[in-house]
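Chemist: I have a structure here, written as structure tokens, and I will follow up with some questions on it.
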There are 2 protein chains.
Amino acid sequence: MADAGNSTRHRVVIVGGGFGGMLCAQGLKTAQADVTLIDRRNFHLFQPLLYQVATGGLSPANIAAPLRSVLKYQANTRVLLGDVTDIDVAGKAVVLSDGSRVPFDSLVLATGSTHHYFGKDAEWGPIAPGLKTVEDATEIRRKILAAFEKAEKEPDASVRGRLLTFVVIGGGPTGVEMAGAISELSRETLKRDFRAIHPGAARVVLVEGQTRVLPTFHEKLSAKAGKALGEMGVEVWFDCHVTEVTPDHVTVTPDKGAEPKRIDTETVIWAAGVKASPLGKILAERLGAGVVADKGGRVPVGPDCTVAGHPEIFVIGDLASQVGAGGKPQPGVAPVAMQQGRYVAEAIKRRVKGLAPQAAFRYWDKGSLATIGRSRAVMESGRIRLWGYPAWLGWLFIHIMYLARFENRVLVLFQWFWNYVTRNRAARLITGEKSERLRKQQSD
Amino acid sequence: MADAGNSTRHRVVIVGGGFGGMLCAQGLKTAQADVTLIDRRNFHLFQPLLYQVATGGLSPANIAAPLRSVLKYQANTRVLLGDVTDIDVAGKAVVLSDGSRVPFDSLVLATGSTHHYFGKDAEWGPIAPGLKTVEDATEIRRKILAAFEKAEKEPDASVRGRLLTFVVIGGGPTGVEMAGAISELSRETLKRDFRAIHPGAARVVLVEGQTRVLPTFHEKLSAKAGKALGEMGVEVWFDCHVTEVTPDHVTVTPDKGAEPKRIDTETVIWAAGVKASPLGKILAERLGAGVVADKGGRVPVGPDCTVAGHPEIFVIGDLASQVGAGGKPQPGVAPVAMQQGRYVAEAIKRRVKGLAPQAAFRYWDKGSLATIGRSRAVMESGRIRLWGYPAWLGWLFIHIMYLARFENRVLVLFQWFWNYVTRNRAARLITGEKSERLRKQQSD
């Protein structure tokens, strides 16, 4: 297995170019191995800032880095644009949608997660887009901006009210960031843009199933975030679950026996749940022998990030279910994926060199961050808890630091500075499939 | 007509937020009139830089400005997102696709032009996209980048050759800019990105019907541009017309009786012809009485930019056919539309005030510019002719100057600087409808 010869070099296949997969590929730069990174998309996406694309603050390219660009000087690594649909565990190869096979000696699965509508994917998915891909973000941007445009033309006050109501489902970081950004968009950016409506009168409702927003943070920070949202005009509904999503309303049912309430809206954004990418279940089926994907479709892995009985198959990031320090499962956040990616790269390098394996993976939790809006954020790291302006500066600094390419850092920083000073959001374009179809119809 | 009273203010309707319509609206800022700017899109697009979006150098938002943003402090002006499908000349109103009517006292039509495939719109249009909208540009970007990705995976050398052949039809400024940019993309930006193919081996063919590229420029500059294209590895075929466009090849027929030649390619970009937007023909039909749209669908207007017999109806930009100085028709370029827009704004202001009309419109031709690539451009203004680096600097300066918003100027300038130094193009994202459909299929 540890043959470093040129003709029979160790073959590493990494599936997924997100935080875990990209960091793993980069970690293998000096490995005596042939690395293949497979992704359906040709770019790495910095998902934590996707909500800013969805609200017109940034362009998709600002938070994306072409995978080939990132890995261009890494001669032992090739990028393959493809869709892995199956894994031949015994034959040691992944199978692409076009039927072709890519053989491996070590396999790293890092395909992440997708939206989860609690069994209502088919019904709710098309109405309430989530925030995972560039297309999700531009579609949400289109829906939000089009709602204001329609309201401007709408003579019926009740329809206008429905158009100017935005419902965000889920009070985790993404939901809080989206609700805050929509509030700023309507109250500040669009303030003077319309003549018939007052965008500032828009209603933003955040629906959360628990008793506080940001439930993974300390209670004090949840309270600070809830207060900040309130100051920004966001209605936060606690202890509620969405029980119906239709094109013109959602029904929200309180957990404690109160009557279900109806909210008339045409713009619903899903930030409530994720499940592992379907490849998790496929791998578990192929492995058989006691490996069962959990309820969220995640594959259980040991402390070395491999699946039971197959030291050559690693699963990392949101696709993996791993018991961490203190017996708690690792959280589904980017830093876990990144650290696992680097850990697995090191593990493979040691194997290729014939060295003893390293110690079990330990997640170093540097802390958590969420931004609510302009100068408003919460941040915790160990016993340190910050909120308000200091936390917001910290958020800004850390996100800029982790943006993949230098150019993006400067572009994002400049746009943020500009948006901060002018309260403008320049990327407010209504583009995409539907407007395109309209154009095609009308162009002749 | 010149009633400046608040209750019965003069109503100006401008259709189209391109160069002509936007400048006209801005020129009416101080007018005692109620101005309505109607466009199908919510942004003004700086079309001269669209080819840079199509080749991954810039993001769409960098060359777009939300119309509401541009006009937010102009209290007498409202923006209406809508699609004008008819004009009620006698009733003085435009009709939108939803059946609603917008009444006017003065009407300015500025809906520009669209692609023209010489009667083959239905057959060739879907295969050979042109470059007019943001969606056109991202679709061309997707096609070009996907061709390289497919080639990287293709074992058959002849198919690989076909995938790595790019045909640009039309040797005007857009065609020259596209051909040059594709050449740079393949020879410089993507140089180290692939492992199985050499992007630099890509073939770029520019097909031009006349004996030289940039036929509206001085012959000397055409020769310079042709030479620069040659140095960049672009094959220029003169005196040729495309007679067949299919998904896997185009047929090019020389004008002088030689045999038709077949070029195997899957990526064809149309930069050959435009015709006026369909509203031109509709207006001509509604006017009747001797007003006939020309072959290109353009509406003849007098020296004051109005149509015969209707001093209240102005047509400007690519939608208008106007005889200029020396009996020559005004060229279909942005500066004509911009100057006509400002002229018409002034004309309307004078009418509202009851002043005598101004002198006939005169186009002040400040010159022409086209860029071929890095440090390569041609520029002429009167008797001054520049090429090479000085022309390229001039091109850069002028395009930055005319970009609609300050923020965009900085963003574009920075990205150009960065791309110049690194030869990188950061916005190389394969996005859009087709990848989205793939994602949806695979996500569960």
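Convention: chains lettered A, B, ... in structure tokens order; per-chain residue numbering from 1; ligands numbered from 1 as shown.
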Skipping near chain neighbours, those fewer than 5 positions away, what residues fall within 8 Å of Leu214 (chain B) using only C-alpha atoms, listed as a PDB file with N, CA and C atoms, in the first residue's frame?
Modeler:
```pdb
ATOM      1  N   GLY B 171     -16.724  39.964 -36.926  1.00  0.00           N
ATOM      2  CA  GLY B 171     -15.449  40.585 -36.582  1.00  0.00           C
ATOM      3  C   GLY B 171     -15.556  42.054 -36.204  1.00  0.00           C
ATOM      4  N   GLY B 172     -16.713  42.458 -35.675  1.00  0.00           N
ATOM      5  CA  GLY B 172     -16.836  43.808 -35.117  1.00  0.00           C
ATOM      6  C   GLY B 172     -16.199  43.846 -33.738  1.00  0.00           C
ATOM      7  N   PRO B 173     -16.371  44.947 -33.008  1.00  0.00           N
ATOM      8  CA  PRO B 173     -15.737  45.046 -31.687  1.00  0.00           C
ATOM      9  C   PRO B 173     -16.071  43.878 -30.761  1.00  0.00           C
ATOM     10  N   VAL B 176     -14.249  40.662 -31.932  1.00  0.00           N
ATOM     11  CA  VAL B 176     -12.802  40.762 -31.716  1.00  0.00           C
ATOM     12  C   VAL B 176     -12.481  40.631 -30.230  1.00  0.00           C
ATOM     13  N   SER B 222      -7.657  48.367 -38.472  1.00  0.00           N
ATOM     14  CA  SER B 222      -8.123  47.002 -38.738  1.00  0.00           C
ATOM     15  C   SER B 222      -6.936  46.070 -38.914  1.00  0.00           C
ATOM     16  N   ALA B 225      -5.322  45.421 -35.581  1.00  0.00           N
ATOM     17  CA  ALA B 225      -6.130  44.499 -34.779  1.00  0.00           C
ATOM     18  C   ALA B 225      -5.997  43.075 -35.308  1.00  0.00           C
TER      19      ALA B 225
END
```
Chemist: Give me the residues near region 129-138 of chain A as a PDB file with N, CA, C and O atoms, in the first residue's frame, where near means some atom within 7 Å (using only C-alpha atoms) and where sequence neighbours in that chain fewer than 2 positions away do not count.
Modeler:
```pdb
ATOM      1  N   GLN A  47     -19.535  28.855   1.819  1.00  0.00           N
ATOM      2  CA  GLN A  47     -20.950  28.895   2.184  1.00  0.00           C
ATOM      3  C   GLN A  47     -21.323  29.863   3.310  1.00  0.00           C
ATOM      4  O   GLN A  47     -22.424  30.415   3.285  1.00  0.00           O
ATOM      5  N   LEU A  50     -22.861  32.896   1.913  1.00  0.00           N
ATOM      6  CA  LEU A  50     -23.865  32.759   0.862  1.00  0.00           C
ATOM      7  C   LEU A  50     -25.081  33.645   1.119  1.00  0.00           C
ATOM      8  O   LEU A  50     -25.707  34.145   0.183  1.00  0.00           O
ATOM      9  N   TYR A  51     -25.403  33.870   2.402  1.00  0.00           N
ATOM     10  CA  TYR A  51     -26.576  34.713   2.690  1.00  0.00           C
ATOM     11  C   TYR A  51     -26.361  36.141   2.193  1.00  0.00           C
ATOM     12  O   TYR A  51     -27.325  36.849   1.918  1.00  0.00           O
ATOM     13  N   VAL A  53     -24.878  36.846  -0.664  1.00  0.00           N
ATOM     14  CA  VAL A  53     -25.240  36.788  -2.082  1.00  0.00           C
ATOM     15  C   VAL A  53     -26.765  36.819  -2.203  1.00  0.00           C
ATOM     16  O   VAL A  53     -27.332  37.510  -3.044  1.00  0.00           O
ATOM     17  N   ALA A  54     -27.439  36.096  -1.308  1.00  0.00           N
ATOM     18  CA  ALA A  54     -28.898  36.016  -1.360  1.00  0.00           C
ATOM     19  C   ALA A  54     -29.565  37.356  -1.077  1.00  0.00           C
ATOM     20  O   ALA A  54     -30.716  37.563  -1.434  1.00  0.00           O
ATOM     21  N   PRO A  60     -21.699  36.081  -6.523  1.00  0.00           N
ATOM     22  CA  PRO A  60     -21.287  34.695  -6.317  1.00  0.00           C
ATOM     23  C   PRO A  60     -19.781  34.496  -6.462  1.00  0.00           C
ATOM     24  O   PRO A  60     -19.156  33.811  -5.640  1.00  0.00           O
ATOM     25  N   THR A 114     -27.305  18.578   2.512  1.00  0.00           N
ATOM     26  CA  THR A 114     -28.286  19.251   1.665  1.00  0.00           C
ATOM     27  C   THR A 114     -29.488  19.582   2.553  1.00  0.00           C
ATOM     28  O   THR A 114     -29.500  19.273   3.740  1.00  0.00           O
ATOM     29  N   HIS A 115     -30.505  20.268   1.994  1.00  0.00           N
ATOM     30  CA  HIS A 115     -31.648  20.662   2.825  1.00  0.00           C
ATOM     31  C   HIS A 115     -32.476  19.460   3.229  1.00  0.00           C
ATOM     32  O   HIS A 115     -32.516  18.446   2.550  1.00  0.00           O
ATOM     33  N   GLY A 125     -39.859  22.077  -0.727  1.00  0.00           N
ATOM     34  CA  GLY A 125     -38.582  22.474  -1.326  1.00  0.00           C
ATOM     35  C   GLY A 125     -38.704  23.548  -2.401  1.00  0.00           C
ATOM     36  O   GLY A 125     -38.002  24.562  -2.360  1.00  0.00           O
ATOM     37  N   PRO A 126     -39.600  23.364  -3.383  1.00  0.00           N
ATOM     38  CA  PRO A 126     -39.675  24.359  -4.445  1.00  0.00           C
ATOM     39  C   PRO A 126     -40.193  25.724  -3.968  1.00  0.00           C
ATOM     40  O   PRO A 126     -39.900  26.744  -4.562  1.00  0.00           O
ATOM     41  N   ILE A 127     -40.945  25.754  -2.873  1.00  0.00           N
ATOM     42  CA  ILE A 127     -41.522  27.018  -2.390  1.00  0.00           C
ATOM     43  C   ILE A 127     -40.553  27.733  -1.463  1.00  0.00           C
ATOM     44  O   ILE A 127     -40.437  28.955  -1.480  1.00  0.00           O
ATOM     45  N   ILE A 140     -33.064  32.977  -4.205  1.00  0.00           N
ATOM     46  CA  ILE A 140     -33.617  33.701  -3.052  1.00  0.00           C
ATOM     47  C   ILE A 140     -33.527  35.209  -3.300  1.00  0.00           C
ATOM     48  O   ILE A 140     -34.478  35.949  -3.038  1.00  0.00           O
ATOM     49  N   ARG A 141     -32.404  35.655  -3.835  1.00  0.00           N
ATOM     50  CA  ARG A 141     -32.253  37.075  -4.175  1.00  0.00           C
ATOM     51  C   ARG A 141     -33.347  37.522  -5.136  1.00  0.00           C
ATOM     52  O   ARG A 141     -33.983  38.561  -4.967  1.00  0.00           O
ATOM     53  N   ARG A 142     -33.586  36.695  -6.159  1.00  0.00           N
ATOM     54  CA  ARG A 142     -34.620  37.001  -7.137  1.00  0.00           C
ATOM     55  C   ARG A 142     -35.988  37.088  -6.468  1.00  0.00           C
ATOM     56  O   ARG A 142     -36.760  38.017  -6.709  1.00  0.00           O
ATOM     57  N   ILE A 269     -37.928  31.331   3.358  1.00  0.00           N
ATOM     58  CA  ILE A 269     -36.547  30.863   3.233  1.00  0.00           C
ATOM     59  C   ILE A 269     -36.290  29.792   4.274  1.00  0.00           C
ATOM     60  O   ILE A 269     -36.631  29.956   5.445  1.00  0.00           O
ATOM     61  N   TRP A 270     -35.731  28.691   3.832  1.00  0.00           N
ATOM     62  CA  TRP A 270     -35.557  27.528   4.677  1.00  0.00           C
ATOM     63  C   TRP A 270     -34.162  27.507   5.282  1.00  0.00           C
ATOM     64  O   TRP A 270     -33.166  27.413   4.562  1.00  0.00           O
ATOM     65  N   ALA A 271     -34.099  27.611   6.597  1.00  0.00           N
ATOM     66  CA  ALA A 271     -32.799  27.529   7.273  1.00  0.00           C
ATOM     67  C   ALA A 271     -32.925  26.581   8.448  1.00  0.00           C
ATOM     68  O   ALA A 271     -32.241  26.725   9.458  1.00  0.00           O
TER      69      ALA A 271
ATOM     70  N   GLY B 432     -25.825  28.042 -13.383  1.00  0.00           N
ATOM     71  CA  GLY B 432     -26.991  28.255 -14.219  1.00  0.00           C
ATOM     72  C   GLY B 432     -27.881  27.071 -14.327  1.00  0.00           C
ATOM     73  O   GLY B 432     -27.706  26.054 -13.675  1.00  0.00           O
ATOM     74  N   GLU B 436     -27.890  23.460 -12.404  1.00  0.00           N
ATOM     75  CA  GLU B 436     -28.927  23.425 -11.368  1.00  0.00           C
ATOM     76  C   GLU B 436     -29.820  22.201 -11.544  1.00  0.00           C
ATOM     77  O   GLU B 436     -30.144  21.513 -10.581  1.00  0.00           O
TER      78      GLU B 436
END
```
Chemist: Write out, as a Markdown table, each residue of region 39-146 of chain B that has an atom at most 8 Å from region 10-13 of chain B, together with the closest pair of atoms and their distance in Å to one decimal, counting only C-alpha atoms, rows going by chain and rising number.
Modeler:
```
| residue | atom | partner | partner_atom | distance |
| --- | --- | --- | --- | --- |
| B:Val102 | CA | B:Val13 | CA | 7.8 |
| B:Pro103 | CA | B:Arg11 | CA | 7.5 |
| B:Phe104 | CA | B:Arg11 | CA | 5.1 |
| B:Asp105 | CA | B:Arg11 | CA | 5.0 |
| B:Ser106 | CA | B:Val12 | CA | 4.8 |
| B:Leu107 | CA | B:Val13 | CA | 5.0 |
| B:Val108 | CA | B:Val13 | CA | 6.2 |
```
Chemist: Would you mind exporting N, CA, C and O atoms of the selected residues as a PDB file, in the first residue's frame?
Modeler:
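In the end it all went to again.pdb:
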```pdb
ATOM      1  N   VAL B 102     -50.088  52.504 -19.026  1.00  0.00           N
ATOM      2  CA  VAL B 102     -49.403  53.635 -18.397  1.00  0.00           C
ATOM      3  C   VAL B 102     -49.538  54.818 -19.352  1.00  0.00           C
ATOM      4  O   VAL B 102     -48.969  54.814 -20.448  1.00  0.00           O
ATOM      5  N   PRO B 103     -50.324  55.840 -18.959  1.00  0.00           N
ATOM      6  CA  PRO B 103     -50.565  56.970 -19.858  1.00  0.00           C
ATOM      7  C   PRO B 103     -49.360  57.913 -19.920  1.00  0.00           C
ATOM      8  O   PRO B 103     -48.586  58.017 -18.968  1.00  0.00           O
ATOM      9  N   PHE B 104     -49.204  58.578 -21.066  1.00  0.00           N
ATOM     10  CA  PHE B 104     -48.079  59.514 -21.217  1.00  0.00           C
ATOM     11  C   PHE B 104     -48.519  60.776 -21.930  1.00  0.00           C
ATOM     12  O   PHE B 104     -49.491  60.767 -22.680  1.00  0.00           O
ATOM     13  N   ASP B 105     -47.798  61.862 -21.664  1.00  0.00           N
ATOM     14  CA  ASP B 105     -47.886  63.050 -22.515  1.00  0.00           C
ATOM     15  C   ASP B 105     -46.724  63.058 -23.496  1.00  0.00           C
ATOM     16  O   ASP B 105     -46.870  63.449 -24.636  1.00  0.00           O
ATOM     17  N   SER B 106     -45.553  62.606 -23.009  1.00  0.00           N
ATOM     18  CA  SER B 106     -44.403  62.381 -23.903  1.00  0.00           C
ATOM     19  C   SER B 106     -43.926  60.948 -23.719  1.00  0.00           C
ATOM     20  O   SER B 106     -43.839  60.470 -22.588  1.00  0.00           O
ATOM     21  N   LEU B 107     -43.602  60.309 -24.837  1.00  0.00           N
ATOM     22  CA  LEU B 107     -43.134  58.924 -24.783  1.00  0.00           C
ATOM     23  C   LEU B 107     -41.729  58.845 -25.375  1.00  0.00           C
ATOM     24  O   LEU B 107     -41.468  59.406 -26.439  1.00  0.00           O
ATOM     25  N   VAL B 108     -40.828  58.167 -24.687  1.00  0.00           N
ATOM     26  CA  VAL B 108     -39.474  57.952 -25.215  1.00  0.00           C
ATOM     27  C   VAL B 108     -39.252  56.445 -25.312  1.00  0.00           C
ATOM     28  O   VAL B 108     -39.262  55.747 -24.296  1.00  0.00           O
TER      29      VAL B 108
END
```
Chemist: Show which residues sit within 7 Å of Gln340 (chain A), as a list in words. Count only C-alpha atoms, and ignore same-chain residues fewer than 3 positions away.
Modeler: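 So, after excluding close chain neighbours, the residues are Gly20, Ile316, Gly317, Val336, Ala337, Tyr343 and Val344 of chain A.
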Chemist: Limited to N, CA, C and O atoms, could you put the picked residues into a file as a PDB file, in the first residue's frame?
Modeler:
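Saved as out_38.pdb:
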```
ATOM      1  N   GLY A  20     -13.991  20.390   3.804  1.00  0.00           N
ATOM      2  CA  GLY A  20     -13.247  19.173   4.141  1.00  0.00           C
ATOM      3  C   GLY A  20     -12.412  18.674   2.982  1.00  0.00           C
ATOM      4  O   GLY A  20     -11.204  18.446   3.117  1.00  0.00           O
ATOM      5  N   ILE A 316     -15.660  12.449   6.094  1.00  0.00           N
ATOM      6  CA  ILE A 316     -15.413  13.634   6.929  1.00  0.00           C
ATOM      7  C   ILE A 316     -16.505  14.681   6.738  1.00  0.00           C
ATOM      8  O   ILE A 316     -17.328  14.598   5.815  1.00  0.00           O
ATOM      9  N   GLY A 317     -16.511  15.654   7.614  1.00  0.00           N
ATOM     10  CA  GLY A 317     -17.435  16.787   7.501  1.00  0.00           C
ATOM     11  C   GLY A 317     -18.875  16.393   7.801  1.00  0.00           C
ATOM     12  O   GLY A 317     -19.136  15.480   8.573  1.00  0.00           O
ATOM     13  N   VAL A 336     -14.957  21.757  11.797  1.00  0.00           N
ATOM     14  CA  VAL A 336     -14.787  20.316  11.957  1.00  0.00           C
ATOM     15  C   VAL A 336     -14.346  19.699  10.635  1.00  0.00           C
ATOM     16  O   VAL A 336     -13.373  18.933  10.567  1.00  0.00           O
ATOM     17  N   ALA A 337     -15.049  20.044   9.560  1.00  0.00           N
ATOM     18  CA  ALA A 337     -14.715  19.495   8.241  1.00  0.00           C
ATOM     19  C   ALA A 337     -13.273  19.839   7.856  1.00  0.00           C
ATOM     20  O   ALA A 337     -12.515  18.997   7.363  1.00  0.00           O
ATOM     21  N   TYR A 343      -6.476  16.367   8.919  1.00  0.00           N
ATOM     22  CA  TYR A 343      -6.112  15.156   9.663  1.00  0.00           C
ATOM     23  C   TYR A 343      -5.996  13.963   8.707  1.00  0.00           C
ATOM     24  O   TYR A 343      -5.034  13.190   8.753  1.00  0.00           O
ATOM     25  N   VAL A 344      -6.975  13.815   7.842  1.00  0.00           N
ATOM     26  CA  VAL A 344      -6.982  12.677   6.913  1.00  0.00           C
ATOM     27  C   VAL A 344      -5.817  12.785   5.927  1.00  0.00           C
ATOM     28  O   VAL A 344      -5.176  11.786   5.582  1.00  0.00           O
TER      29      VAL A 344
END
```
Chemist: Give the alpha helix (DSSP H) residues of region 47-203 of chain B, as DSSP finds them on the backbone, and put them as a ChimeraX atom specification.
Modeler: /B:50-54,67-70,121-124,134-153,157-163,173-184
Chemist: Write out the residues from the selection above, keeping C-alpha atoms, as a tab-separated table (two decimals), in the first residue's frame.
Modeler:
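What landed in selection.tsv:
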```tsv
chain	number	residue	atom	x	y	z
B	50	LEU	CA	-20.37	41.97	-21.03
B	51	TYR	CA	-17.72	39.96	-22.90
B	52	GLN	CA	-15.61	40.07	-19.73
B	53	VAL	CA	-18.43	38.42	-17.81
B	54	ALA	CA	-18.67	35.81	-20.57
B	67	LEU	CA	-32.12	51.28	-11.90
B	68	ARG	CA	-33.80	52.17	-8.61
B	69	SER	CA	-30.39	52.86	-7.11
B	70	VAL	CA	-29.39	55.14	-9.96
B	121	ASP	CA	-33.17	32.75	-35.20
B	122	ALA	CA	-35.02	29.59	-34.16
B	123	GLU	CA	-32.37	27.17	-35.47
B	124	TRP	CA	-29.13	28.98	-34.69
B	134	VAL	CA	-26.44	38.85	-18.20
B	135	GLU	CA	-27.96	35.42	-18.89
B	136	ASP	CA	-26.32	35.37	-22.35
B	137	ALA	CA	-22.97	36.09	-20.73
B	138	THR	CA	-23.22	33.46	-17.98
B	139	GLU	CA	-24.45	30.92	-20.54
B	140	ILE	CA	-21.45	31.62	-22.81
B	141	ARG	CA	-19.17	31.41	-19.77
B	142	ARG	CA	-20.75	28.08	-18.86
B	143	LYS	CA	-20.33	26.74	-22.42
B	144	ILE	CA	-16.69	27.78	-22.73
B	145	LEU	CA	-15.63	26.44	-19.32
B	146	ALA	CA	-17.66	23.24	-19.72
B	147	ALA	CA	-15.94	22.59	-23.08
B	148	PHE	CA	-12.54	22.54	-21.34
B	149	GLU	CA	-13.92	20.31	-18.58
B	150	LYS	CA	-15.36	17.84	-21.10
B	151	ALA	CA	-12.14	17.83	-23.09
B	152	GLU	CA	-10.15	16.97	-19.93
B	153	LYS	CA	-12.23	13.80	-19.58
B	157	ALA	CA	-8.60	12.95	-29.74
B	158	SER	CA	-10.96	14.11	-32.49
B	159	VAL	CA	-13.77	14.83	-30.03
B	160	ARG	CA	-11.23	16.60	-27.83
B	161	GLY	CA	-10.25	18.73	-30.79
B	162	ARG	CA	-13.86	19.62	-31.45
B	163	LEU	CA	-14.39	20.55	-27.79
B	173	PRO	CA	-15.74	45.05	-31.69
B	174	THR	CA	-17.70	42.40	-29.76
B	175	GLY	CA	-16.39	39.54	-31.91
B	176	VAL	CA	-12.80	40.76	-31.72
B	177	GLU	CA	-13.05	41.23	-27.96
B	178	MET	CA	-14.58	37.77	-27.46
B	179	ALA	CA	-12.02	36.03	-29.67
B	180	GLY	CA	-9.15	37.81	-27.91
B	181	ALA	CA	-10.54	37.02	-24.47
B	182	ILE	CA	-11.07	33.32	-25.25
B	183	SER	CA	-7.51	33.14	-26.53
B	184	GLU	CA	-6.16	34.71	-23.33
```
Chemist: Find the residue from A:Ala377, A:Leu403, A:Leu279, A:Leu206 that sits nearest to chain B; use only C-alpha atoms when measuring.
Modeler: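 Checking each of A:Ala377, A:Leu403, A:Leu279, A:Leu206 against chain B, counting only C-alpha atoms, the winner is A:Leu279.
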Chemist: May I have the residues within 10 Å of region 215-220 of chain A as a count of residues only, using only C-alpha atoms and disregarding those fewer than 3 positions away in the same chain?
Modeler: 24
Chemist: One number please: CA of Gln32 (chain B) to CA of Val352 (chain B), in Å, one decimal.
Modeler: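 Those two atoms sit 7.0 Å apart.
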Chemist: Which residue is closest to chain A? Choose from B:Ala202, B:Leu49, B:Leu96, B:Leu23 and count only C-alpha atoms.
Modeler: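 Among B:Ala202, B:Leu49, B:Leu96, B:Leu23, it is B:Leu96 that comes nearest to chain A.
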Chemist: Skipping near chain neighbours, those fewer than 2 positions away, what residues fall within 7 Å of Arg428 (chain B) using only C-alpha atoms, listed as an NGL selection string?
Modeler: (:A and (66)) or (:B and (56 or 425-426 or 430))
Chemist: Export N, CA, C and O atoms of the chosen residues as a JSON list (two decimals), in the first residue's frame?
Modeler:
```json
[["chain", "number", "residue", "atom", "x", "y", "z"],
["A", 66, "PRO", "N", -12.40, 28.90, -8.12],
["A", 66, "PRO", "CA", -12.34, 27.74, -9.01],
["A", 66, "PRO", "C", -11.39, 26.69, -8.42],
["A", 66, "PRO", "O", -10.26, 27.02, -8.03],
["B", 56, "GLY", "N", -15.27, 35.21, -17.73],
["B", 56, "GLY", "CA", -14.89, 34.98, -16.35],
["B", 56, "GLY", "C", -14.05, 36.06, -15.70],
["B", 56, "GLY", "O", -13.53, 35.88, -14.61],
["B", 425, "ARG", "N", -8.50, 34.90, -14.01],
["B", 425, "ARG", "CA", -9.86, 35.40, -14.15],
["B", 425, "ARG", "C", -10.66, 34.69, -13.08],
["B", 425, "ARG", "O", -10.92, 33.50, -13.18],
["B", 426, "ALA", "N", -11.04, 35.44, -12.07],
["B", 426, "ALA", "CA", -11.58, 34.79, -10.88],
["B", 426, "ALA", "C", -13.00, 34.30, -11.04],
["B", 426, "ALA", "O", -13.41, 33.36, -10.39],
["B", 430, "ILE", "N", -19.02, 27.81, -13.35],
["B", 430, "ILE", "CA", -20.01, 27.15, -14.20],
["B", 430, "ILE", "C", -21.30, 27.12, -13.39],
["B", 430, "ILE", "O", -21.45, 26.32, -12.47]]
```
Chemist: Determine, counting only C-alpha atoms, which protein, DNA and RNA residues have an atom within 10 Å of an atom of Thr77 (chain A); residues of the same chain fewer than 3 positions away are not included. Present the result as a PyMOL selection string.
Modeler: (chain A and resi 12-13+25-26+28-29+31+33-37+68+71-74+80) or (chain B and resi 194-195)
Chemist: For CA of Gly326 (chain A) and CA of Asp365 (chain A), quote the distance in Å rounded to one decimal.
Modeler: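 According to the coordinates, CA of Gly326 (chain A) and CA of Asp365 (chain A) are separated by 13.1 Å.
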Chemist: Can you pull out every residue from region 157-383 of chain A that DSSP, working from the backbone, puts in strand (DSSP E or B), and format the result as a ChimeraX atom specification?
Modeler: /A:165-169,203-207,234-237,240-245,249-254,261-264,267-270,274-276,299-301,306-307,310-315,320-323,329,368-373,376-381
Chemist: From the set B:Leu190, B:Ala320, B:Ile14, B:Ile282, which residue has the shortest atom-to-atom contact distance to Gly296 (chain B), counting only C-alpha atoms?
Modeler: B:Ala320
Chemist: Just the number, please: distance in Å from CA of Val207 (chain A) to CA of Gly119 (chain A), one decimal.
Modeler: 18.4 Å
Chemist: Closest to chain B among A:Ser375, A:Thr267, A:Ser277, A:Thr246, using only C-alpha atoms?
Modeler: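 Of all the options, A:Ser277 lies closest to chain B.
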